[in-house]
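Here the structure is laid out as structure tokens; the discussion comes afterwards.
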Amino acid sequence: MSATESTLAVIKEMAAAMEEHREHLTSLDAAIGDADHGTNMNRGFKAALERLEETEPAAPAEVLKAVSTALISKVGGSAGPLYGTAFLRASTALPEEVSPAAAAAALEAALSGVKQRGKAEAGEKTMVDALEPAATAAKEAAEEPGATVGGVFRAAAEAAREGAEATVPLVATKGRASYLGERSRGHQDPGAASTHLLLDAAARALEQTPQGPKGGP
């Protein structure tokens with residue numbers, strides 16, 4: 001399987017995850033937001049799949065750019081611009097053959113884009129609380145002997161899960177949830193939750209793909 005085919009498989013798995021967890025994400029958002037995060041993310045990734053069928057991208061970076069465009073145009077609220085920026089920035093770090101180091105660099109680029117676009121830092125109860133530890137874990141995993149792209153994303157997903165769970169006791173200071181002040185405490189941030197689900201989907205897709213140390217076919 002080529003790197004482009006692997007990247008397409010990742011996006012398909014991400015779309016399936018957003019559809020499967022749509023109600024859960026919307027429930028999380030209902031507690032501290034506009035109750036539409038799951039619906040919006042599901043709609044955005046459906047649009048991404050449609051765009052990929054239309055454009056037939058020839059490289060991993062082209063796949064992520066197409067996804068970025070679809071998410072920005074179809075996902076409402078702040079999630080569209082933030083996730084769109086994440087995928088666009090990640091695309092700039094991906095060569096035609098994706099190595100573990102390149103995968104980690106893509107996550108770091110995505111994080112940088114989200115922080116810049118959302119003006120957010122870790123600890124403010126946003127998707128950064130999941131994405132930042134994920135990027136750190138990915139970099140560490142990429143430096144391990146015999147590292148694979150799937151292993152990098154599995155490490156990122158586990159770190160994102162812990163980061164998302166750690167948002168529960170936090171008070172939101174950014175985004176819609178910040179209007180609730182102390183009442184935002186005790187709820188998991190939906191953006192952090194979807195970040196974990198997307199990275200977990202990527203890891204699953206890649207773990208099903210034969211990989212050598214450089215993540216190739």
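Naming works like this for the structure tokens: A, B, ... for the chains as they're shown, residue 1 at the start of each chain, ligands 1 onward in shown order.
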**OP:** Write down as a PyMOL selection string the residues belonging to segment 154-185 of chain A that are assigned helix (DSSP H, G or I) by DSSP computed on the backbone.
**Re:** chain A and resi 154-165+176-184
**OP:** Just the residues within 7 Å of segment 105-117 of chain A, please, counting only C-alpha atoms, with nothing from its chain fewer than 4 positions along; format it as a list in words.
**Re:**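 The residues that qualify are Leu82, Thr85, Ala86, Phe87, Arg89, Ala90, Ser91, Ala93, Leu94, Ala101, Glu121, Leu131, Glu132 and Ala135 of chain A.
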Dump as a tab-separated table (two decimals), in the first residue's frame, selection limited to C-alpha atoms:
```
chain	number	residue	atom	x	y	z
A	82	LEU	CA	-9.18	24.92	13.93
A	85	THR	CA	-5.81	24.66	10.04
A	86	ALA	CA	-4.49	21.52	11.76
A	87	PHE	CA	-4.81	19.41	8.61
A	89	ARG	CA	-0.37	22.70	8.58
A	90	ALA	CA	0.16	18.95	8.87
A	91	SER	CA	0.16	18.68	5.09
A	93	ALA	CA	5.25	18.55	6.89
A	94	LEU	CA	4.42	15.42	4.90
A	101	ALA	CA	9.72	11.32	12.04
A	121	GLU	CA	-2.35	27.03	25.37
A	131	LEU	CA	-3.09	17.63	20.87
A	132	GLU	CA	-0.05	18.97	22.71
A	135	ALA	CA	2.58	15.70	19.59
```
All residues 9 Å or closer to Ala66 of chain A, only C-alpha atoms, same chain fewer than 3 positions away omitted, as a PDB file with C-alpha atoms, in the first residue's frame:
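File written: result.pdb
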```pdb
ATOM      1  CA  ALA A  48     -13.993  15.346   3.187  1.00  0.00           C
ATOM      2  CA  ARG A  51     -14.002  15.805  -1.859  1.00  0.00           C
ATOM      3  CA  LEU A  52     -11.333  13.107  -1.890  1.00  0.00           C
ATOM      4  CA  THR A  55     -10.087  15.211  -6.505  1.00  0.00           C
ATOM      5  CA  PRO A  57      -5.124  13.232  -4.598  1.00  0.00           C
ATOM      6  CA  ALA A  61      -0.072  16.154   1.525  1.00  0.00           C
ATOM      7  CA  GLU A  62      -2.776  16.540  -1.128  1.00  0.00           C
ATOM      8  CA  VAL A  63      -5.068  14.281   0.896  1.00  0.00           C
ATOM      9  CA  THR A  69     -10.757  22.574   2.682  1.00  0.00           C
ATOM     10  CA  ALA A  70     -13.789  20.395   3.403  1.00  0.00           C
ATOM     11  CA  LEU A  71     -13.622  20.910   7.164  1.00  0.00           C
ATOM     12  CA  PHE A  87      -4.815  19.414   8.605  1.00  0.00           C
ATOM     13  CA  LEU A  88      -3.424  22.170   6.386  1.00  0.00           C
TER      14      LEU A  88
END
```
Within 10 Å of Gly44 of chain A, counting only C-alpha atoms, which residues show up once you throw out same-chain ones fewer than 3 positions away? Write them as a CSV table (one decimal) with C-alpha atoms, in the first residue's frame, please.
```csv
chain,number,residue,atom,x,y,z
A,15,ALA,CA,-14.8,9.7,9.2
A,18,MET,CA,-16.9,10.7,13.8
A,38,GLY,CA,-20.5,15.7,16.9
A,39,THR,CA,-23.0,16.7,14.2
A,40,ASN,CA,-20.6,19.2,12.7
A,41,MET,CA,-17.6,16.9,12.8
A,47,ALA,CA,-17.7,16.2,3.0
A,48,ALA,CA,-14.0,15.3,3.2
A,49,LEU,CA,-14.6,11.8,1.8
A,50,GLU,CA,-16.7,13.3,-1.0
A,67,VAL,CA,-9.6,17.4,4.1
A,68,SER,CA,-8.7,20.8,5.3
A,69,THR,CA,-10.8,22.6,2.7
A,70,ALA,CA,-13.8,20.4,3.4
A,71,LEU,CA,-13.6,20.9,7.2
A,72,ILE,CA,-13.3,24.7,6.9
A,73,SER,CA,-16.3,24.9,4.6
A,74,LYS,CA,-18.6,22.4,6.3
A,75,VAL,CA,-17.8,22.3,10.1
A,76,GLY,CA,-19.5,25.1,12.0
A,79,ALA,CA,-13.9,23.5,15.1
A,80,GLY,CA,-14.0,24.1,11.3
A,83,TYR,CA,-9.3,21.4,12.5
A,84,GLY,CA,-8.9,22.8,9.0
```
Subject >> Neighbour list for segment 172-178 of chain A as an NGL selection string, cut-off 10 Å, only C-alpha atoms, skip fewer than 5 positions in-chain >> reply: :A and (29 or 31-34 or 77-78 or 118-121 or 123-126 or 167 or 183-185 or 187 or 189)
Subject >> Nearest to Glu53 of chain A by atom-to-atom distance, counting only C-alpha atoms, from A:Leu206, A:Pro190, A:Ala35, A:Leu8 >> reply: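 Going through A:Leu206, A:Pro190, A:Ala35, A:Leu8 one by one, the smallest distance to Glu53 of chain A is for A:Leu8.
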Original post:
Which residues, written as a PyMOL selection string, have at least one atom at most 8 Å from Ala155 of chain A, with only C-alpha atoms counted and residues fewer than 6 positions away on the same chain left out?
Top reply: chain A and resi 134+137-138+141
Original post:
So which residues touch Ala159 of chain A within 12 Å, counting only C-alpha atoms, skipping near sequence neighbours fewer than 6 positions away, as a PyMOL selection string?
Top reply: chain A and resi 128-141+152-153+165-166+192-193+195-197+199-200
Subject >> One-decimal distance in Å that lies between atom CA of Gln188 of chain A and atom CA of Val168 of chain A >> reply: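 Straight-line distance from atom CA of Val168 of chain A to atom CA of Gln188 of chain A works out to 4.4 Å.
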Subject >> atom CA of Gly163 of chain A to atom CA of Leu25 of chain A, distance in Å rounded to a single decimal >> reply: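 Atom CA of Leu25 of chain A lies 15.9 Å from atom CA of Gly163 of chain A.
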**OP:** Please indicate the distance in Å from atom CA of Thr209 of chain A to atom CA of Thr148 of chain A, rounded to one decimal place.
**Re:**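 That distance, rounded to one decimal, is 10.7 Å.
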